[in-house]
$ cat input_28.cif   # mmCIF, C-alpha atoms
data_my_file
#
loop_
_atom_site.label_atom_id
_atom_site.label_comp_id
_atom_site.auth_asym_id
_atom_site.auth_seq_id
_atom_site.Cartn_x
_atom_site.Cartn_y
_atom_site.Cartn_z
CA MET A 1 161.43 75.63 36.86
CA ALA A 2 161.65 79.41 37.36
CA LEU A 3 158.02 79.81 36.23
CA ARG A 4 156.90 77.10 38.65
CA GLY A 5 158.77 78.88 41.49
CA TRP A 6 157.01 82.18 40.75
CA ARG A 7 153.64 80.44 40.75
CA LEU A 8 154.38 78.88 44.14
CA PHE A 9 155.50 82.26 45.49
CA GLY A 10 152.24 83.81 44.25
CA VAL A 11 150.08 81.19 45.96
CA VAL A 12 151.95 81.58 49.26
CA GLY A 13 151.68 85.37 49.03
CA THR A 14 147.91 85.14 48.47
CA ILE A 15 147.49 82.92 51.53
CA VAL A 16 149.59 85.27 53.69
CA ALA A 17 147.57 88.29 52.53
CA TYR A 18 144.30 86.49 53.33
CA VAL A 19 145.48 85.60 56.85
CA VAL A 20 146.73 89.16 57.49
CA GLY A 21 143.38 90.56 56.31
CA ILE A 22 141.45 88.34 58.73
CA LEU A 23 143.71 89.40 61.60
CA LEU A 24 143.20 93.09 60.79
CA LEU A 25 139.40 92.68 60.70
CA SER A 26 139.47 90.90 64.06
CA ILE A 27 141.53 93.69 65.64
CA LEU A 28 139.16 96.38 64.32
CA SER A 29 136.14 94.43 65.60
CA ILE A 30 137.61 94.15 69.12
CA GLN A 31 138.40 97.90 69.19
CA ASN A 32 134.81 98.77 68.23
CA HIS A 33 133.57 96.92 71.34
CA ASN A 34 135.06 99.60 73.64
CA PRO A 35 137.56 97.65 75.80
CA GLN A 36 137.37 100.41 78.45
CA ARG A 37 133.77 99.48 79.14
CA TYR A 38 134.69 95.85 79.71
CA SER A 39 137.59 96.92 81.87
CA SER A 40 135.21 98.98 84.03
CA ALA A 41 132.82 96.07 84.30
CA ARG A 42 135.64 93.79 85.43
CA GLY A 43 136.62 96.45 87.96
CA ILE A 44 133.11 96.52 89.39
CA GLU A 45 133.08 92.72 89.49
CA ARG A 46 136.32 92.74 91.45
CA GLN A 47 134.88 95.35 93.83
CA LEU A 48 131.76 93.26 94.50
CA SER A 49 133.93 90.21 95.12
CA THR A 50 135.27 91.86 98.29
CA PRO A 51 133.29 91.55 101.55
CA HIS A 52 132.43 95.27 101.49
CA GLY A 53 131.36 95.06 97.85
CA ARG A 54 129.09 92.10 98.53
CA GLU A 55 127.53 94.03 101.41
CA LEU A 56 126.76 97.01 99.18
CA SER A 57 125.33 94.77 96.49
CA ALA A 58 123.05 93.00 98.99
CA LEU A 59 121.54 96.30 100.19
CA GLY A 60 119.60 96.62 96.97
CA ARG A 61 118.16 93.11 97.23
CA ARG A 62 115.77 92.97 100.19
CA GLN A 63 115.03 89.38 101.17
CA PRO A 64 111.40 88.44 100.48
CA ILE A 65 109.15 88.02 103.49
CA ARG A 66 108.16 84.45 104.34
CA TRP A 67 104.51 84.59 105.35
CA CYS A 68 103.04 82.00 107.68
CA ARG A 69 99.95 81.88 105.48
CA GLU A 70 99.18 83.27 102.04
CA LEU A 71 97.79 86.76 102.62
CA ARG A 72 94.18 87.52 101.71
CA TYR A 73 91.60 90.25 102.04
CA LEU A 74 88.89 89.79 104.64
CA ASP A 75 86.45 88.53 101.99
CA GLY A 76 88.89 85.79 100.98
CA ARG A 77 90.27 87.39 97.82
CA LEU A 78 93.97 87.13 97.04
CA PRO A 79 95.82 90.35 96.15
CA PRO A 80 96.55 90.72 92.43
CA PRO A 81 100.05 89.65 91.38
CA ILE A 82 102.64 92.39 91.07
CA ALA A 83 103.06 93.32 87.42
CA ARG A 84 106.35 92.13 85.99
CA PRO A 85 107.98 93.15 82.69
CA PRO A 86 107.95 90.54 79.89
CA ARG A 87 110.94 88.21 79.88
CA ILE A 88 113.08 88.19 76.71
CA LEU A 89 114.58 84.77 76.05
CA HIS A 90 116.95 85.53 73.17
CA THR A 91 117.38 87.74 70.14
CA PHE A 92 119.01 87.23 66.76
CA PRO A 93 120.16 89.92 64.34
CA GLY A 94 117.37 90.75 61.94
CA HIS A 95 114.75 88.79 63.89
CA PRO A 96 112.19 90.01 66.44
CA ALA A 97 112.77 89.18 70.08
CA LEU A 98 111.05 86.13 71.50
CA VAL A 99 108.97 87.42 74.44
CA VAL A 100 107.47 85.24 77.12
CA THR A 101 104.76 86.58 79.44
CA THR A 102 103.52 84.90 82.60
CA LYS A 103 99.77 84.54 82.90
CA PRO A 104 98.56 85.16 86.46
CA PRO A 105 96.88 82.21 88.15
CA PRO A 106 93.08 82.29 88.41
CA GLU A 107 91.69 83.88 91.56
CA PRO A 108 90.68 81.11 93.99
CA LEU A 109 87.40 81.05 95.84
CA PRO A 110 87.38 82.17 99.48
CA ASP A 111 88.20 79.34 101.86
CA VAL A 112 86.97 81.11 105.02
CA LYS A 113 83.20 81.33 105.16
CA SER A 114 81.66 84.52 106.59
CA ILE A 115 85.06 85.91 107.68
CA PHE A 116 84.00 89.26 106.28
CA GLU A 117 80.78 89.18 108.29
CA MET A 118 82.70 88.14 111.40
CA HIS A 119 84.71 91.35 111.20
CA ASN A 120 81.36 93.16 110.94
CA SER A 121 82.61 95.50 108.20
CA LYS A 122 84.56 97.57 110.73
CA ILE A 123 87.04 100.11 109.43
CA VAL A 124 89.89 100.11 111.93
CA ALA A 125 92.65 102.71 112.05
CA LEU A 126 96.21 101.87 112.99
CA ALA A 127 97.19 105.42 113.88
CA SER A 128 100.62 106.60 114.92
CA PHE A 129 103.13 109.38 114.63
CA PRO A 130 105.72 108.49 111.95
CA GLY A 131 108.62 106.45 113.29
CA SER A 132 106.53 104.71 115.96
CA GLY A 133 106.64 101.17 114.54
CA ASN A 134 103.44 101.17 112.46
CA THR A 135 104.91 99.03 109.68
CA TRP A 136 106.27 96.45 112.14
CA LEU A 137 102.89 96.09 113.88
CA ARG A 138 101.21 95.72 110.46
CA TYR A 139 103.72 92.97 109.68
CA LEU A 140 102.96 91.16 112.95
CA LEU A 141 99.21 91.38 112.36
CA GLN A 142 99.55 89.99 108.84
CA GLN A 143 101.69 87.11 110.09
CA ALA A 144 99.32 86.26 112.95
CA THR A 145 96.08 86.42 110.91
CA GLY A 146 96.97 85.89 107.25
CA ILE A 147 94.87 88.99 106.49
CA LEU A 148 96.14 92.03 104.61
CA THR A 149 96.46 95.43 106.24
CA GLY A 150 95.81 98.66 104.34
CA SER A 151 97.02 102.23 104.37
CA VAL A 152 95.82 105.71 103.48
CA TYR A 153 99.14 106.08 101.64
CA LYS A 154 100.61 104.34 98.61
CA ASP A 155 104.18 103.45 99.44
CA TYR A 156 105.45 101.54 96.40
CA GLY A 157 108.41 100.19 98.35
CA LEU A 158 106.09 98.62 100.92
CA MET A 159 103.70 97.48 98.22
CA LYS A 160 106.42 95.39 96.57
CA SER A 161 107.85 94.11 99.85
CA GLY A 162 104.98 92.49 101.67
CA PHE A 163 102.15 95.02 101.83
CA PRO A 164 100.24 94.75 98.53
CA ALA A 165 97.14 96.40 100.06
CA GLU A 166 98.83 99.80 100.30
CA ASN A 167 96.26 102.51 99.51
CA VAL A 168 93.35 100.18 100.38
CA LYS A 169 91.30 102.01 103.00
CA ASN A 170 88.03 100.15 103.39
CA SER A 171 86.62 97.25 105.42
CA SER A 172 88.31 94.61 103.23
CA VAL A 173 91.54 94.91 105.28
CA LEU A 174 92.24 94.21 108.93
CA VAL A 175 93.54 97.68 109.88
CA ILE A 176 94.45 100.84 107.96
CA LYS A 177 97.68 102.69 108.58
CA THR A 178 97.46 106.45 109.06
CA HIS A 179 99.61 109.27 110.41
CA GLU A 180 96.78 111.77 109.95
CA ARG A 181 94.46 113.42 112.47
CA GLY A 182 91.46 115.75 112.49
CA PRO A 183 87.65 115.49 112.49
CA LYS A 184 87.46 114.21 108.91
CA VAL A 185 90.00 111.50 109.63
CA TRP A 186 88.45 110.41 112.95
CA SER A 187 84.99 110.15 111.42
CA SER A 188 86.32 107.75 108.76
CA PHE A 189 86.96 104.94 111.25
CA ASN A 190 84.79 102.83 113.57
CA ARG A 191 87.62 101.69 115.84
CA ALA A 192 91.27 102.65 116.28
CA ILE A 193 94.60 101.40 117.58
CA LEU A 194 96.93 104.21 118.62
CA LEU A 195 100.58 103.15 118.60
CA VAL A 196 102.68 105.50 120.75
CA ARG A 197 106.45 105.68 121.01
CA ASP A 198 108.82 107.77 123.10
CA PRO A 199 109.16 111.08 121.18
CA LEU A 200 112.97 111.03 121.20
CA ARG A 201 113.07 107.60 119.54
CA ALA A 202 110.16 108.33 117.22
CA ILE A 203 111.61 111.62 115.98
CA LEU A 204 115.03 110.04 115.46
CA ALA A 205 113.46 107.14 113.54
CA GLU A 206 111.50 109.55 111.33
CA PHE A 207 114.63 111.59 110.62
CA ASN A 208 116.42 108.40 109.58
CA ARG A 209 113.44 107.33 107.43
CA GLN A 210 113.36 110.63 105.58
CA SER A 211 117.09 110.37 104.93
CA GLY A 212 117.64 106.64 104.44
CA GLY A 213 114.30 104.91 103.89
CA HIS A 214 112.49 102.40 106.10
CA VAL A 215 115.63 100.64 107.33
CA GLY A 216 118.39 103.16 106.53
CA PHE A 217 120.08 105.90 108.52
CA ALA A 218 120.79 109.60 108.17
CA SER A 219 124.44 110.45 107.62
CA PRO A 220 126.21 112.50 110.33
CA ASP A 221 126.33 115.44 107.90
CA ARG A 222 122.53 115.63 107.91
CA TYR A 223 122.52 116.50 111.61
CA LYS A 224 125.14 119.21 111.09
CA ARG A 225 123.37 120.82 108.14
CA THR A 226 123.22 124.65 108.42
CA LYS A 227 125.35 124.39 111.58
CA GLY A 228 122.79 122.20 113.29
CA ARG A 229 119.83 124.55 112.87
CA TYR A 230 118.09 122.20 110.42
CA TRP A 231 118.14 119.33 112.96
CA GLU A 232 117.09 121.62 115.83
CA GLN A 233 114.10 122.95 113.88
CA PHE A 234 113.19 119.43 112.81
CA VAL A 235 113.06 118.24 116.44
CA GLN A 236 110.95 121.21 117.57
CA LYS A 237 108.48 120.84 114.72
CA GLN A 238 108.17 117.08 115.08
CA LEU A 239 107.72 117.24 118.86
CA THR A 240 104.71 119.50 118.39
CA ALA A 241 103.32 117.15 115.73
CA TRP A 242 103.94 114.14 118.01
CA GLU A 243 101.90 115.74 120.80
CA LEU A 244 99.03 116.81 118.53
CA MET A 245 98.83 113.38 116.90
CA ASN A 246 98.66 111.34 120.10
CA VAL A 247 96.56 113.71 122.24
CA GLY A 248 94.24 114.43 119.32
CA TRP A 249 93.35 110.76 118.79
CA ALA A 250 93.09 110.08 122.53
CA LYS A 251 90.74 112.98 123.26
CA ASN A 252 88.71 113.34 120.07
CA PHE A 253 88.18 109.90 118.58
CA THR A 254 84.71 108.79 119.68
CA GLY A 255 84.92 105.09 118.82
CA PRO A 256 86.63 102.28 120.77
CA LEU A 257 90.33 103.12 121.08
CA LYS A 258 93.22 100.93 122.19
CA VAL A 259 96.50 102.62 123.07
CA VAL A 260 99.58 100.46 122.44
CA PHE A 261 102.96 101.65 123.68
CA TYR A 262 105.84 100.71 121.43
CA ASP A 263 108.07 99.81 124.40
CA ASP A 264 105.45 97.30 125.56
CA LEU A 265 105.34 95.77 122.08
CA VAL A 266 109.12 95.39 122.05
CA GLY A 267 109.27 94.05 125.60
CA ASP A 268 106.38 91.59 125.23
CA VAL A 269 105.58 90.96 121.58
CA GLU A 270 103.37 87.96 122.26
CA GLY A 271 101.28 89.48 125.04
CA THR A 272 100.84 92.84 123.31
CA LEU A 273 99.92 91.25 119.98
CA ARG A 274 97.34 89.02 121.68
CA ASP A 275 95.79 92.11 123.30
CA VAL A 276 95.56 93.83 119.92
CA LEU A 277 93.91 90.78 118.34
CA HIS A 278 91.40 90.58 121.21
CA PHE A 279 90.59 94.26 120.68
CA LEU A 280 89.93 93.43 117.01
CA ASN A 281 87.69 90.51 118.10
CA TRP A 282 89.92 88.25 116.03
CA PRO A 283 89.96 84.52 116.88
CA ILE A 284 93.56 83.47 117.41
CA ASP A 285 94.79 80.43 115.49
CA GLU A 286 97.48 79.15 117.87
CA ASN A 287 99.48 77.40 115.14
CA LEU A 288 99.49 80.52 113.02
CA PHE A 289 100.28 82.69 116.03
CA SER A 290 103.21 80.43 116.96
CA CYS A 291 104.55 80.79 113.43
CA ALA A 292 104.19 84.57 113.68
CA MET A 293 106.22 84.59 116.89
CA SER A 294 108.98 82.56 115.24
CA ARG A 295 109.20 85.28 112.56
CA LYS A 296 108.46 88.30 114.73
CA GLU A 297 111.57 90.29 113.78
CA GLY A 298 110.53 90.92 110.18
CA ILE A 299 112.61 93.04 107.78
CA TYR A 300 111.33 96.52 108.61
CA GLN A 301 112.86 97.01 112.04
CA ARG A 302 115.78 99.39 111.78
CA LYS A 303 118.88 97.83 113.31
CA LYS A 304 120.56 99.68 116.15
CA ARG A 305 123.50 101.86 115.19
CA LEU A 306 126.17 103.24 117.48
CA MET A 307 126.69 106.92 116.69
CA SER A 308 129.96 108.74 117.26
CA PHE A 309 128.06 111.72 118.71
CA ASP A 310 124.78 112.49 120.46
CA PRO A 311 122.52 114.54 118.13
CA PHE A 312 120.30 115.63 121.04
CA THR A 313 121.48 118.56 123.14
CA PRO A 314 120.74 118.61 126.90
CA GLN A 315 118.03 121.23 126.27
CA MET A 316 116.41 119.05 123.59
CA LYS A 317 116.39 116.05 125.92
CA LEU A 318 114.81 118.09 128.71
CA GLU A 319 111.99 119.34 126.44
CA LEU A 320 111.42 115.87 124.98
CA GLU A 321 111.22 114.23 128.42
CA GLU A 322 108.84 116.84 129.80
CA LYS A 323 106.52 116.44 126.83
CA ARG A 324 106.74 112.65 126.98
CA GLN A 325 105.63 112.56 130.62
CA GLU A 326 102.82 115.04 129.94
CA VAL A 327 101.40 113.13 126.96
CA PHE A 328 101.90 109.67 128.50
CA SER A 329 99.94 110.85 131.55
CA ILE A 330 97.07 111.94 129.30
CA LEU A 331 97.16 108.49 127.66
CA GLY A 332 96.86 106.83 131.08
CA ARG A 333 100.46 105.83 131.63
CA ASN A 334 101.85 107.37 134.82
CA GLU A 335 105.43 106.38 135.55
CA ASN A 336 106.03 108.28 138.80
#
$ encode --input "input_28.cif" --output "structure tokens"
Amino acid sequence: MALRGWRLFGVVGTIVAYVVGILLLSILSIQNHNPQRYSSARGIERQLSTPHGRELSALGRRQPIRWCRELRYLDGRLPPPIARPPRILHTFPGHPALVVTTKPPPEPLPDVKSIFEMHNSKIVALASFPGSGNTWLRYLLQQATGILTGSVYKDYGLMKSGFPAENVKNSSVLVIKTHERGPKVWSSFNRAILLVRDPLRAILAEFNRQSGGHVGFASPDRYKRTKGRYWEQFVQKQLTAWELMNVGWAKNFTGPLKVVFYDDLVGDVEGTLRDVLHFLNWPIDENLFSCAMSRKEGIYQRKKRLMSFDPFTPQMKLELEEKRQEVFSILGRNEN
């Protein structure tokens, strides 16, 4: 009986030791996974669950543009699809990852006969001082025509968000964005649209763009940098550039030129856009144009922001207004 009791005690002890060993291994495994990291992740998740957190998270996810018609080049070609990284479905220890790639669809044939010839291979500039609404007018033109607009620049942010013809500067696009001036630039275009905005608003928009991107804002500290001298020098420099840009195109471009004032575009989007399309000799599809008007706001108009202070001093405002009246008069807009 005593021997049988010791045997039973030995079996029970073995089982207990086995269970304790499993528990110890589990504890060590959990510790190796760095619980602090998971705690931080849960903290971030809690932060994003608040209204302010959701707002911050949404800033990095720009809503895609809904186009009234699939955008094409003037010769009917579709833009190439944006390259995407391969998608990994799942991995197993000791086995290679299963990778799935998406094959781009075949390029369709043009469905608009002689549209390229209709545009007569014109290279049209959409010229403006930065901050004057160039991107918004490009957006409106693309919505109203279904044709891509180009640019002398290569803005990757714009390229991925509705303007895949960035850096295309030939007659395959409807217009070509430029902030440049000079004989070499003017001789590159057959026709031009000059978009002009009040210098105070244009300079403020450009300052915000340089600090916060196409739809962001400069922080109040940016205006107060170096006790305000940085902002003051920025305004003076940009006002000179604003004058040279607008007067230079108006006086020196030898081809047909249409001046579009930004305030007119804002006040009468439909009428101003029709005028621009007539200047381009573009036949207006009323159904498409109606769709464009229903989506005229776009995603690249910077929302208004109430500031707690006025960054422009009285002297700045006086200089800006005097220069505005002088340049607007040269452009044929007398307001007296």
$ resolve_selection --input "input_28.cif" --expression "the PyMOL selection byres ((chain A and resi 191) around 7)" --output "number ranges by chain"
A: 123-125, 189-190, 192, 255-257
$ atom_distance --input "input_28.cif" --atom1 "atom CA of Phe207 of chain A" --atom2 "atom CA of Val235 of chain A"
9.0 Å
$ resolve_selection --input "input_28.cif" --expression "the PyMOL selection byres ((chain A and resi 259) around 8)" --output "list in words"
Ile193, Leu194, Leu195, Val196, Leu257, Lys258, Val260, Phe261 and Leu331 of chain A
$ resolve_selection --input "input_28.cif" --expression "the PyMOL selection byres ((chain A and resi 138) around 10)" --output "PyMOL selection string"
chain A and resi 126+133-137+139-144+148-151+163+174-177
$ atom_distance --input "input_28.cif" --atom1 "atom CA of Asp275 of chain A" --atom2 "atom CA of Asn167 of chain A"
26.0 Å
$ atom_distance --input "input_28.cif" --atom1 "atom CA of Gly146 of chain A" --atom2 "atom CA of Lys296 of chain A"
13.9 Å
$ closest_residue --input "input_28.cif" --among "A:Leu158, A:Leu318, A:Val152, A:Cys68" --to "Glu286 of chain A" --atoms "only C-alpha atoms"
A:Cys68
$ closest_residue --input "input_28.cif" --among "A:Leu74, A:Cys291, A:Val247, A:Val269" --to "Glu326 of chain A" --atoms "all atoms listed in the file"
A:Val247
$ decode --input "input_28.cif" --residues "segment 253-264 of chain A" --atoms "all heavy atoms" --output "PDB file, in the first residue's frame"
ATOM      1  N   PHE A 253       3.892  88.667 -73.820  1.00  0.00           N
ATOM      2  CA  PHE A 253       3.445  87.473 -74.529  1.00  0.00           C
ATOM      3  C   PHE A 253       2.783  87.902 -75.832  1.00  0.00           C
ATOM      4  O   PHE A 253       1.848  88.713 -75.836  1.00  0.00           O
ATOM      5  CB  PHE A 253       2.479  86.658 -73.666  1.00  0.00           C
ATOM      6  CG  PHE A 253       2.028  85.384 -74.309  1.00  0.00           C
ATOM      7  CD1 PHE A 253       2.932  84.343 -74.515  1.00  0.00           C
ATOM      8  CD2 PHE A 253       0.713  85.224 -74.726  1.00  0.00           C
ATOM      9  CE1 PHE A 253       2.520  83.158 -75.124  1.00  0.00           C
ATOM     10  CE2 PHE A 253       0.288  84.046 -75.323  1.00  0.00           C
ATOM     11  CZ  PHE A 253       1.204  83.012 -75.520  1.00  0.00           C
ATOM     12  N   THR A 254       3.219  87.360 -76.947  1.00  0.00           N
ATOM     13  CA  THR A 254       2.767  87.824 -78.258  1.00  0.00           C
ATOM     14  C   THR A 254       1.571  87.051 -78.800  1.00  0.00           C
ATOM     15  O   THR A 254       0.967  87.476 -79.784  1.00  0.00           O
ATOM     16  CB  THR A 254       3.920  87.737 -79.270  1.00  0.00           C
ATOM     17  OG1 THR A 254       4.403  86.379 -79.327  1.00  0.00           O
ATOM     18  CG2 THR A 254       5.064  88.651 -78.861  1.00  0.00           C
ATOM     19  N   GLY A 255       1.233  85.928 -78.202  1.00  0.00           N
ATOM     20  CA  GLY A 255       0.094  85.148 -78.677  1.00  0.00           C
ATOM     21  C   GLY A 255      -1.203  85.620 -78.052  1.00  0.00           C
ATOM     22  O   GLY A 255      -1.221  86.549 -77.230  1.00  0.00           O
ATOM     23  N   PRO A 256      -2.337  84.994 -78.427  1.00  0.00           N
ATOM     24  CA  PRO A 256      -3.621  85.326 -77.798  1.00  0.00           C
ATOM     25  C   PRO A 256      -3.559  85.097 -76.291  1.00  0.00           C
ATOM     26  O   PRO A 256      -3.090  84.056 -75.823  1.00  0.00           O
ATOM     27  CB  PRO A 256      -4.600  84.357 -78.466  1.00  0.00           C
ATOM     28  CG  PRO A 256      -3.950  83.979 -79.759  1.00  0.00           C
ATOM     29  CD  PRO A 256      -2.482  83.972 -79.485  1.00  0.00           C
ATOM     30  N   LEU A 257      -4.011  86.090 -75.528  1.00  0.00           N
ATOM     31  CA  LEU A 257      -3.934  86.033 -74.072  1.00  0.00           C
ATOM     32  C   LEU A 257      -5.293  86.370 -73.479  1.00  0.00           C
ATOM     33  O   LEU A 257      -5.912  87.368 -73.863  1.00  0.00           O
ATOM     34  CB  LEU A 257      -2.892  87.023 -73.548  1.00  0.00           C
ATOM     35  CG  LEU A 257      -2.792  87.170 -72.025  1.00  0.00           C
ATOM     36  CD1 LEU A 257      -2.144  85.939 -71.406  1.00  0.00           C
ATOM     37  CD2 LEU A 257      -2.002  88.431 -71.653  1.00  0.00           C
ATOM     38  N   LYS A 258      -5.762  85.536 -72.560  1.00  0.00           N
ATOM     39  CA  LYS A 258      -6.991  85.828 -71.828  1.00  0.00           C
ATOM     40  C   LYS A 258      -6.652  86.020 -70.360  1.00  0.00           C
ATOM     41  O   LYS A 258      -6.082  85.135 -69.718  1.00  0.00           O
ATOM     42  CB  LYS A 258      -8.014  84.700 -71.977  1.00  0.00           C
ATOM     43  CG  LYS A 258      -9.302  85.002 -71.201  1.00  0.00           C
ATOM     44  CD  LYS A 258     -10.398  84.035 -71.507  1.00  0.00           C
ATOM     45  CE  LYS A 258     -11.673  84.413 -70.760  1.00  0.00           C
ATOM     46  NZ  LYS A 258     -12.155  85.775 -71.113  1.00  0.00           N
ATOM     47  N   VAL A 259      -7.019  87.182 -69.825  1.00  0.00           N
ATOM     48  CA  VAL A 259      -6.800  87.469 -68.409  1.00  0.00           C
ATOM     49  C   VAL A 259      -8.057  87.070 -67.635  1.00  0.00           C
ATOM     50  O   VAL A 259      -9.170  87.499 -67.979  1.00  0.00           O
ATOM     51  CB  VAL A 259      -6.485  88.961 -68.186  1.00  0.00           C
ATOM     52  CG1 VAL A 259      -6.307  89.248 -66.690  1.00  0.00           C
ATOM     53  CG2 VAL A 259      -5.230  89.363 -68.963  1.00  0.00           C
ATOM     54  N   VAL A 260      -7.873  86.240 -66.625  1.00  0.00           N
ATOM     55  CA  VAL A 260      -8.972  85.801 -65.764  1.00  0.00           C
ATOM     56  C   VAL A 260      -8.667  86.264 -64.347  1.00  0.00           C
ATOM     57  O   VAL A 260      -7.619  85.932 -63.789  1.00  0.00           O
ATOM     58  CB  VAL A 260      -9.131  84.265 -65.792  1.00  0.00           C
ATOM     59  CG1 VAL A 260     -10.221  83.819 -64.826  1.00  0.00           C
ATOM     60  CG2 VAL A 260      -9.426  83.781 -67.196  1.00  0.00           C
ATOM     61  N   PHE A 261      -9.578  87.036 -63.770  1.00  0.00           N
ATOM     62  CA  PHE A 261      -9.398  87.480 -62.393  1.00  0.00           C
ATOM     63  C   PHE A 261     -10.025  86.466 -61.444  1.00  0.00           C
ATOM     64  O   PHE A 261     -11.169  86.037 -61.642  1.00  0.00           O
ATOM     65  CB  PHE A 261     -10.014  88.869 -62.191  1.00  0.00           C
ATOM     66  CG  PHE A 261      -9.270  89.960 -62.916  1.00  0.00           C
ATOM     67  CD1 PHE A 261      -9.671  90.372 -64.170  1.00  0.00           C
ATOM     68  CD2 PHE A 261      -8.145  90.545 -62.342  1.00  0.00           C
ATOM     69  CE1 PHE A 261      -8.981  91.366 -64.841  1.00  0.00           C
ATOM     70  CE2 PHE A 261      -7.447  91.533 -63.008  1.00  0.00           C
ATOM     71  CZ  PHE A 261      -7.860  91.948 -64.262  1.00  0.00           C
ATOM     72  N   TYR A 262      -9.264  86.104 -60.436  1.00  0.00           N
ATOM     73  CA  TYR A 262      -9.696  85.072 -59.496  1.00  0.00           C
ATOM     74  C   TYR A 262     -11.024  85.433 -58.843  1.00  0.00           C
ATOM     75  O   TYR A 262     -11.891  84.571 -58.658  1.00  0.00           O
ATOM     76  CB  TYR A 262      -8.619  84.872 -58.428  1.00  0.00           C
ATOM     77  CG  TYR A 262      -8.968  83.846 -57.376  1.00  0.00           C
ATOM     78  CD1 TYR A 262      -8.773  82.485 -57.607  1.00  0.00           C
ATOM     79  CD2 TYR A 262      -9.485  84.232 -56.135  1.00  0.00           C
ATOM     80  CE1 TYR A 262      -9.093  81.541 -56.642  1.00  0.00           C
ATOM     81  CE2 TYR A 262      -9.800  83.294 -55.166  1.00  0.00           C
ATOM     82  CZ  TYR A 262      -9.607  81.954 -55.425  1.00  0.00           C
ATOM     83  OH  TYR A 262      -9.933  81.020 -54.469  1.00  0.00           O
ATOM     84  N   ASP A 263     -11.217  86.716 -58.502  1.00  0.00           N
ATOM     85  CA  ASP A 263     -12.473  87.131 -57.870  1.00  0.00           C
ATOM     86  C   ASP A 263     -13.654  86.884 -58.793  1.00  0.00           C
ATOM     87  O   ASP A 263     -14.749  86.539 -58.327  1.00  0.00           O
ATOM     88  CB  ASP A 263     -12.408  88.615 -57.491  1.00  0.00           C
ATOM     89  CG  ASP A 263     -11.453  88.859 -56.322  1.00  0.00           C
ATOM     90  OD1 ASP A 263     -11.124  87.886 -55.622  1.00  0.00           O
ATOM     91  OD2 ASP A 263     -11.041  90.015 -56.120  1.00  0.00           O
ATOM     92  N   ASP A 264     -13.464  87.069 -60.092  1.00  0.00           N
ATOM     93  CA  ASP A 264     -14.539  86.790 -61.048  1.00  0.00           C
ATOM     94  C   ASP A 264     -14.849  85.301 -61.096  1.00  0.00           C
ATOM     95  O   ASP A 264     -16.012  84.892 -61.220  1.00  0.00           O
ATOM     96  CB  ASP A 264     -14.141  87.276 -62.445  1.00  0.00           C
ATOM     97  CG  ASP A 264     -14.052  88.792 -62.522  1.00  0.00           C
ATOM     98  OD1 ASP A 264     -14.625  89.470 -61.644  1.00  0.00           O
ATOM     99  OD2 ASP A 264     -13.401  89.289 -63.458  1.00  0.00           O
TER     100      ASP A 264
END
